[in-house]
Structures are given as structure tokens and as C-alpha cells.
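Below is one structure, written out as C-alpha cells; comments come after it.
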Amino acid sequence: MEIARVVATRSTCTRRQVGALLAQNRQILATGYNGVPRGLRHCDERGCLRAELGVPSGERHELCRGLHAEQNAIIQAAYHGIAIQGSELYCTHQPCVVCAKMLVNAGIAVIHFAGGYPDTLAAEVLSEAAVSLVPHAGRPSRPVGEG
């Protein structure tokens, strides 16, 4: 989980730094952190659309210029032609429902997470798909700006 926390430090999100990695047989396959697509100005430079609109955490995911860490880990694996079916995800936060659906379809078997996220539908989707959601007992992750 510590590697996912280090990956999260690459995030340029002004609200929450999230890191994720996909691993299989104790081998890291891909990593991801939350941030905007390649070539776009980062939110720490341009400003946060969600903050400007007063959108609460866990709602209206489409009103964000960035991608989530889990999405970027899946994309990085696809970009480099790395198979991730049956792998495990280690993430600094519990996935949202959008990421949960992507992880199910990508064939992720187990999700280890350190911090919570306000999205009960995500847990329902993962449970129904028989994807194990495993809380990490170590040091919890915090949103940006929280001590």
C-alpha cells in the first residue's frame, strides 16, 4: 500500500490525491494517480471545476477534467499491452462506482484500499460481481489539505 501512497504524490488534483497500482503474483503491472489527460493543463494550474461548482465528493463524476487513479492504472496497462485480468488493485481510497464498474469489467479479482469514499453503490456493485473489497489496516490516506 505504501507504493500506492507514493504514486498518489504525483497527483495534481487540488481536492484529493489518490494512487493505485495493479499487481499480480507480487509483481507491479501498472500504476495510476488522479489527474487530467495527457496534454491538458493540470487542475493545480487551471483550477478545479468541481470546487468552482460546489460539487460534493462522491457526486457528479462527469464534472471533472481528471481521471481517477484506478482508471489511469487500467489505461496505462492497456497502453503498454499488459494483461491485468485476475490481478489485484491496491488503492489509497475505496473506488467510486464508475471505477468499480471498470474494475469489474477489467477482471480485477481483489481490491485493497486504505481510505474510504462516500459511494455505497460501488460496494454493492463489487459485492454482486464477487470482487473482494479488502480494507487496509495501515495508516489511512487523507484528502489534500487534511493533516
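Each chain of the C-alpha cells is named A, B, ... in the order shown, its residues numbered from 1; ligands are numbered from 1 in display order.
Inside range 42-123 of chain A, the residues DSSP reads as strand (DSSP E) when given the backbone are Glu88, Leu89, Tyr90, Cys91, Thr92, His93, Val110, Ile111, His112, Phe113, Ala114 and Gly115 of chain A.
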Kindly provide the residues of range 17-100 of chain A that approach range 123-126 of chain A to within 12 Å, each paired with its closest atom pair and their distance in Å to one decimal, based on only C-alpha atoms, listed by chain and increasing number, as a tab-separated table.
residue	atom	partner	partner_atom	distance
A:Gln94	CA	A:Ala123	CA	8.7
A:Pro95	CA	A:Ala123	CA	8.4
A:Cys96	CA	A:Ala123	CA	8.4
A:Val97	CA	A:Val125	CA	7.3
A:Val98	CA	A:Val125	CA	9.9
A:Cys99	CA	A:Leu126	CA	10.2
A:Ala100	CA	A:Leu126	CA	6.4
DSSP-assigned helix (DSSP H, G or I) members of chain A, reported as a PyMOL selection string: chain A and resi 2-8+43-46+49-53+69-79+97-106+120-128
If you keep C-alpha atoms, can you produce a file of those selected residues as a PDB file, in the first residue's frame?
ATOM      1  CA  GLU A   2       2.942   2.293   0.643  1.00  0.00           C
ATOM      2  CA  ILE A   3       3.796   2.266  -3.081  1.00  0.00           C
ATOM      3  CA  ALA A   4       0.227   3.384  -3.903  1.00  0.00           C
ATOM      4  CA  ARG A   5       0.690   6.260  -1.448  1.00  0.00           C
ATOM      5  CA  VAL A   6       3.912   7.288  -3.187  1.00  0.00           C
ATOM      6  CA  VAL A   7       2.176   7.106  -6.596  1.00  0.00           C
ATOM      7  CA  ALA A   8      -0.551   9.407  -5.182  1.00  0.00           C
ATOM      8  CA  CYS A  43      -6.114  21.438 -12.062  1.00  0.00           C
ATOM      9  CA  ASP A  44      -3.493  22.916  -9.739  1.00  0.00           C
ATOM     10  CA  GLU A  45      -2.677  25.320 -12.633  1.00  0.00           C
ATOM     11  CA  ARG A  46      -6.132  25.876 -14.139  1.00  0.00           C
ATOM     12  CA  LEU A  49     -14.182  22.774 -11.918  1.00  0.00           C
ATOM     13  CA  ARG A  50     -15.813  20.722  -9.133  1.00  0.00           C
ATOM     14  CA  ALA A  51     -14.719  23.210  -6.465  1.00  0.00           C
ATOM     15  CA  GLU A  52     -15.921  26.127  -8.598  1.00  0.00           C
ATOM     16  CA  LEU A  53     -19.357  24.476  -8.928  1.00  0.00           C
ATOM     17  CA  ALA A  69      -6.214   6.698 -10.267  1.00  0.00           C
ATOM     18  CA  GLU A  70      -7.886   3.329 -10.913  1.00  0.00           C
ATOM     19  CA  GLN A  71      -8.877   4.435 -14.425  1.00  0.00           C
ATOM     20  CA  ASN A  72      -5.345   5.620 -15.163  1.00  0.00           C
ATOM     21  CA  ALA A  73      -3.872   2.308 -13.935  1.00  0.00           C
ATOM     22  CA  ILE A  74      -6.191   0.373 -16.290  1.00  0.00           C
ATOM     23  CA  ILE A  75      -5.378   2.763 -19.148  1.00  0.00           C
ATOM     24  CA  GLN A  76      -1.630   2.535 -18.507  1.00  0.00           C
ATOM     25  CA  ALA A  77      -1.810  -1.264 -18.674  1.00  0.00           C
ATOM     26  CA  ALA A  78      -3.803  -1.138 -21.930  1.00  0.00           C
ATOM     27  CA  TYR A  79      -1.467   1.497 -23.419  1.00  0.00           C
ATOM     28  CA  VAL A  97     -18.985   3.322  -8.697  1.00  0.00           C
ATOM     29  CA  VAL A  98     -17.581   4.368 -12.090  1.00  0.00           C
ATOM     30  CA  CYS A  99     -14.201   2.847 -11.250  1.00  0.00           C
ATOM     31  CA  ALA A 100     -15.841  -0.175  -9.619  1.00  0.00           C
ATOM     32  CA  LYS A 101     -17.667  -0.982 -12.868  1.00  0.00           C
ATOM     33  CA  MET A 102     -14.460  -0.589 -14.869  1.00  0.00           C
ATOM     34  CA  LEU A 103     -12.528  -2.800 -12.450  1.00  0.00           C
ATOM     35  CA  VAL A 104     -15.206  -5.496 -12.661  1.00  0.00           C
ATOM     36  CA  ASN A 105     -15.074  -5.492 -16.469  1.00  0.00           C
ATOM     37  CA  ALA A 106     -11.250  -5.473 -16.430  1.00  0.00           C
ATOM     38  CA  THR A 120     -22.238   2.820  -1.281  1.00  0.00           C
ATOM     39  CA  LEU A 121     -23.318   1.780  -4.797  1.00  0.00           C
ATOM     40  CA  ALA A 122     -19.667   0.962  -5.590  1.00  0.00           C
ATOM     41  CA  ALA A 123     -19.531  -1.551  -2.734  1.00  0.00           C
ATOM     42  CA  GLU A 124     -22.809  -3.111  -3.920  1.00  0.00           C
ATOM     43  CA  VAL A 125     -21.503  -3.470  -7.488  1.00  0.00           C
ATOM     44  CA  LEU A 126     -18.274  -5.079  -6.304  1.00  0.00           C
ATOM     45  CA  SER A 127     -20.110  -7.430  -3.950  1.00  0.00           C
ATOM     46  CA  GLU A 128     -22.530  -8.568  -6.645  1.00  0.00           C
TER      47      GLU A 128
END
For Cys13 in chain A, the nearest of the candidates A:Ala137, A:Ala114, A:Val36, A:Ala30, counting only C-alpha atoms: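 Residue with the minimum atom-to-atom distance to Cys13 in chain A: A:Val36.
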Interatomic distance (Å, one decimal) between CA of Pro37 in chain A and CA of Ala129 in chain A: 28.7 Å
Nearest to Leu22 in chain A by atom-to-atom distance, counting only C-alpha atoms, from A:Val134, A:His112, A:His93, A:Glu88: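 Checking each candidate against Leu22 in chain A, we get A:Glu88 as the closest.
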From A:Arg15, A:Gly81, A:Thr9, A:Thr92, residue lying nearest Gly58 in chain A [only C-alpha atoms]: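 When distances to Gly58 in chain A are compared using only C-alpha atoms, the smallest one comes from A:Arg15.
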